[in-house]
$ cat model-v2.cif   # mmCIF, C-alpha atoms
data_run
#
loop_
_atom_site.group_PDB
_atom_site.id
_atom_site.type_symbol
_atom_site.label_atom_id
_atom_site.label_comp_id
_atom_site.auth_asym_id
_atom_site.auth_seq_id
_atom_site.Cartn_x
_atom_site.Cartn_y
_atom_site.Cartn_z
ATOM 1 C CA MET A 1 85.957 124.586 59.182
ATOM 2 C CA THR A 2 84.533 128.085 59.095
ATOM 3 C CA GLU A 3 82.240 128.949 61.965
ATOM 4 C CA ARG A 4 78.987 130.735 61.326
ATOM 5 C CA GLN A 5 76.947 132.231 64.098
ATOM 6 C CA PHE A 6 73.215 132.663 63.843
ATOM 7 C CA ARG A 7 70.350 133.386 66.182
ATOM 8 C CA ILE A 8 67.893 130.714 67.201
ATOM 9 C CA VAL A 9 64.490 132.028 68.209
ATOM 10 C CA GLU A 10 63.431 131.139 71.736
ATOM 11 C CA GLU A 11 60.483 129.035 70.608
ATOM 12 C CA ILE A 12 62.642 126.398 68.870
ATOM 13 C CA ARG A 13 65.686 126.378 71.170
ATOM 14 C CA PRO A 14 64.585 123.205 73.041
ATOM 15 C CA LEU A 15 64.325 121.290 69.741
ATOM 16 C CA VAL A 16 67.740 122.494 68.568
ATOM 17 C CA ALA A 17 69.328 121.773 71.972
ATOM 18 C CA GLN A 18 67.977 118.219 71.886
ATOM 19 C CA ARG A 19 69.352 117.669 68.358
ATOM 20 C CA VAL A 20 72.770 119.065 69.347
ATOM 21 C CA LEU A 21 72.909 116.745 72.381
ATOM 22 C CA SER A 22 71.891 113.731 70.305
ATOM 23 C CA ALA A 23 74.613 114.530 67.736
ATOM 24 C CA GLY A 24 77.264 113.826 70.386
ATOM 25 C CA PRO A 25 80.386 115.615 71.582
ATOM 26 C CA ASP A 26 82.196 115.790 68.222
ATOM 27 C CA ARG A 27 82.509 119.491 67.349
ATOM 28 C CA ASP A 28 82.031 118.691 63.659
ATOM 29 C CA ALA A 29 78.897 116.577 64.194
ATOM 30 C CA ARG A 30 75.794 117.754 62.381
ATOM 31 C CA PRO A 31 72.589 117.878 64.414
ATOM 32 C CA PHE A 32 70.568 118.202 61.202
ATOM 33 C CA THR A 33 71.582 116.055 58.242
ATOM 34 C CA GLY A 34 70.453 115.144 54.790
ATOM 35 C CA PRO A 35 68.818 111.798 53.967
ATOM 36 C CA ARG A 36 72.178 109.974 53.832
ATOM 37 C CA GLY A 37 73.620 111.671 56.908
ATOM 38 C CA GLY A 38 75.522 114.369 55.020
ATOM 39 C CA ARG A 39 75.333 118.121 54.825
ATOM 40 C CA ILE A 40 72.025 119.691 53.815
ATOM 41 C CA SER A 41 72.848 121.593 50.645
ATOM 42 C CA THR A 42 70.567 123.363 48.210
ATOM 43 C CA ALA A 43 70.836 120.328 45.916
ATOM 44 C CA VAL A 44 69.957 117.909 48.733
ATOM 45 C CA LEU A 45 66.999 120.074 49.730
ATOM 46 C CA GLY A 46 65.786 120.219 46.138
ATOM 47 C CA ASP A 47 66.094 116.440 45.746
ATOM 48 C CA ALA A 48 64.394 115.721 49.078
ATOM 49 C CA THR A 49 61.413 117.932 48.283
ATOM 50 C CA HIS A 50 61.226 116.989 44.577
ATOM 51 C CA TRP A 51 60.900 120.724 44.032
ATOM 52 C CA ASP A 52 61.714 120.777 40.316
ATOM 53 C CA ASP A 53 59.287 117.945 39.563
ATOM 54 C CA ALA A 54 56.525 119.507 41.662
ATOM 55 C CA VAL A 55 56.701 122.993 40.147
ATOM 56 C CA THR A 56 56.975 121.557 36.630
ATOM 57 C CA GLU A 57 53.937 119.338 37.167
ATOM 58 C CA LEU A 58 51.971 122.307 38.489
ATOM 59 C CA GLY A 59 53.119 124.558 35.642
ATOM 60 C CA TYR A 60 54.997 126.960 37.953
ATOM 61 C CA GLU A 61 58.568 126.430 36.788
ATOM 62 C CA HIS A 62 59.343 130.090 37.569
ATOM 63 C CA LEU A 63 58.937 129.540 41.342
ATOM 64 C CA CYS A 64 61.961 129.073 43.579
ATOM 65 C CA ARG A 65 62.195 127.682 47.100
ATOM 66 C CA HIS A 66 62.867 131.155 48.496
ATOM 67 C CA ASP A 67 59.286 132.022 47.522
ATOM 68 C CA LEU A 68 58.234 129.729 50.365
ATOM 69 C CA ARG A 69 59.741 132.205 52.855
ATOM 70 C CA HIS A 70 57.400 134.861 51.478
ATOM 71 C CA THR A 71 54.426 132.488 51.576
ATOM 72 C CA GLY A 72 55.228 131.232 55.073
ATOM 73 C CA LEU A 73 55.616 134.723 56.510
ATOM 74 C CA THR A 74 52.393 135.830 54.810
ATOM 75 C CA TRP A 75 50.561 132.852 56.341
ATOM 76 C CA PHE A 76 52.036 133.701 59.760
ATOM 77 C CA ALA A 77 50.717 137.266 59.367
ATOM 78 C CA ASP A 78 47.303 135.957 58.319
ATOM 79 C CA ALA A 79 47.294 133.783 61.450
ATOM 80 C CA GLY A 80 47.925 136.849 63.607
ATOM 81 C CA VAL A 81 51.635 136.376 64.364
ATOM 82 C CA GLN A 82 53.127 139.769 65.172
ATOM 83 C CA VAL A 83 55.624 141.158 62.682
ATOM 84 C CA HIS A 84 58.435 141.440 65.266
ATOM 85 C CA VAL A 85 58.101 137.689 65.972
ATOM 86 C CA MET A 86 58.172 136.920 62.239
ATOM 87 C CA ARG A 87 61.310 139.064 61.918
ATOM 88 C CA ARG A 88 63.028 136.861 64.505
ATOM 89 C CA ILE A 89 61.852 133.631 62.858
ATOM 90 C CA ALA A 90 63.119 134.789 59.455
ATOM 91 C CA ASP A 91 66.330 136.195 60.993
ATOM 92 C CA HIS A 92 65.825 139.515 59.252
ATOM 93 C CA GLY A 93 67.827 142.509 60.396
ATOM 94 C CA SER A 94 64.854 144.861 60.285
ATOM 95 C CA LEU A 95 61.073 144.914 60.311
ATOM 96 C CA THR A 96 61.215 146.609 56.900
ATOM 97 C CA THR A 97 62.748 143.481 55.367
ATOM 98 C CA THR A 98 60.112 141.279 56.981
ATOM 99 C CA ARG A 99 57.312 143.522 55.737
ATOM 100 C CA ARG A 100 58.683 143.249 52.182
ATOM 101 C CA HIS A 101 58.164 139.467 52.441
ATOM 102 C CA LEU A 102 54.440 139.865 53.197
ATOM 103 C CA HIS A 103 52.140 139.627 50.177
ATOM 104 C CA GLY A 104 48.421 140.220 50.311
ATOM 105 C CA CYS A 105 48.114 139.364 53.983
ATOM 106 C CA ARG A 106 44.898 140.212 55.746
ATOM 107 C CA SER A 107 46.593 141.123 59.051
ATOM 108 C CA PRO A 108 48.006 144.612 59.544
ATOM 109 C CA PRO A 109 51.826 144.488 59.434
ATOM 110 C CA ALA A 110 52.360 147.192 62.148
ATOM 111 C CA PRO A 111 53.708 147.922 64.907
ATOM 112 C CA GLN A 112 56.613 150.183 64.015
ATOM 113 C CA GLU A 113 60.243 149.524 65.030
#
$ encode --input "model-v2.cif" --output "structure tokens"
Amino acid sequence: MTERQFRIVEEIRPLVAQRVLSAGPDRDARPFTGPRGGRISTAVLGDATHWDDAVTELGYEHLCRHDLRHTGLTWFADAGVQVHVMRRIADHGSLTTTRRHLHGCRSPPAPQE
């Protein structure tokens, strides 16, 4: 099994810690699983959200799930969340990347790095 390291923002660490503890001591246990207990893959995520059906019904077949990152970060900005916090949530390497995800937000994207 290949290990992948990633940052977990402070605000959700208690939730993740609780899920890891509930998964048990097995190193290969998954604290977050798909609907049948397996790995959460892009296909599983698409099936669970009925993404293809939803965008087709709405007439937006061109949309992809990654667009939700842009929308979510824009909504965070509109709610007044500071850009450096959004960068951590999105796990972006720079504020520039986070700012590129913001579309038509009413909040100013500053401060500078």
$ closest_residue --input "model-v2.cif" --among "A:Arg39, A:His66, A:Arg99, A:Arg30" --to "Gln82 in chain A" --atoms "only C-alpha atoms"
A:Arg99
$ axis_aligned_box --input "model-v2.cif" --around "range 60-63 of chain A" --padding-each-side "5 Å" --output "JSON"
{"center_x": 57.2, "center_y": 128.3, "center_z": 39.1, "size_x": 14.3, "size_y": 13.7, "size_z": 14.6}
$ residues_around --input "model-v2.cif" --residues "range 67-69 of chain A" --least-positions-apart "6" --cutoff "10 Å" --atoms "all atoms listed in the file" --output "ChimeraX atom specification"
/A:75,90,98,101-102
$ resolve_selection --input "model-v2.cif" --expression "the PyMOL selection byres ((chain A and resi 40-52) around 12)" --output "mmCIF file with C-alpha atoms, in the frame of the given file"
data_model
loop_
_atom_site.group_PDB
_atom_site.id
_atom_site.type_symbol
_atom_site.label_atom_id
_atom_site.label_comp_id
_atom_site.auth_asym_id
_atom_site.auth_seq_id
_atom_site.Cartn_x
_atom_site.Cartn_y
_atom_site.Cartn_z
ATOM 1 C CA ARG A 30 75.794 117.754 62.381
ATOM 2 C CA PRO A 31 72.589 117.878 64.414
ATOM 3 C CA PHE A 32 70.568 118.202 61.202
ATOM 4 C CA THR A 33 71.582 116.055 58.242
ATOM 5 C CA GLY A 34 70.453 115.144 54.790
ATOM 6 C CA PRO A 35 68.818 111.798 53.967
ATOM 7 C CA ARG A 36 72.178 109.974 53.832
ATOM 8 C CA GLY A 37 73.620 111.671 56.908
ATOM 9 C CA GLY A 38 75.522 114.369 55.020
ATOM 10 C CA ARG A 39 75.333 118.121 54.825
ATOM 11 C CA ASP A 53 59.287 117.945 39.563
ATOM 12 C CA ALA A 54 56.525 119.507 41.662
ATOM 13 C CA VAL A 55 56.701 122.993 40.147
ATOM 14 C CA THR A 56 56.975 121.557 36.630
ATOM 15 C CA GLU A 57 53.937 119.338 37.167
ATOM 16 C CA LEU A 58 51.971 122.307 38.489
ATOM 17 C CA GLY A 59 53.119 124.558 35.642
ATOM 18 C CA TYR A 60 54.997 126.960 37.953
ATOM 19 C CA GLU A 61 58.568 126.430 36.788
ATOM 20 C CA HIS A 62 59.343 130.090 37.569
ATOM 21 C CA LEU A 63 58.937 129.540 41.342
ATOM 22 C CA CYS A 64 61.961 129.073 43.579
ATOM 23 C CA ARG A 65 62.195 127.682 47.100
ATOM 24 C CA HIS A 66 62.867 131.155 48.496
ATOM 25 C CA ASP A 67 59.286 132.022 47.522
ATOM 26 C CA LEU A 68 58.234 129.729 50.365
#
$ closest_residue --input "model-v2.cif" --among "A:Leu73, A:Pro14, A:Gln5, A:Ser22" --to "Ile89 in chain A" --atoms "all atoms listed in the file"
A:Leu73
$ atom_distance --input "model-v2.cif" --atom1 "CA of Arg88 in chain A" --atom2 "CA of Glu10 in chain A"
9.2 Å
$ closest_residue --input "model-v2.cif" --among "A:His84, A:Ala23, A:Arg100, A:Gly93" --to "Arg7 in chain A" --atoms "all atoms listed in the file"
A:Gly93
$ atom_distance --input "model-v2.cif" --atom1 "CA of Arg13 in chain A" --atom2 "CA of Thr71 in chain A"
23.4 Å
$ atom_distance --input "model-v2.cif" --atom1 "CA of Pro25 in chain A" --atom2 "CA of Val9 in chain A"
23.1 Å
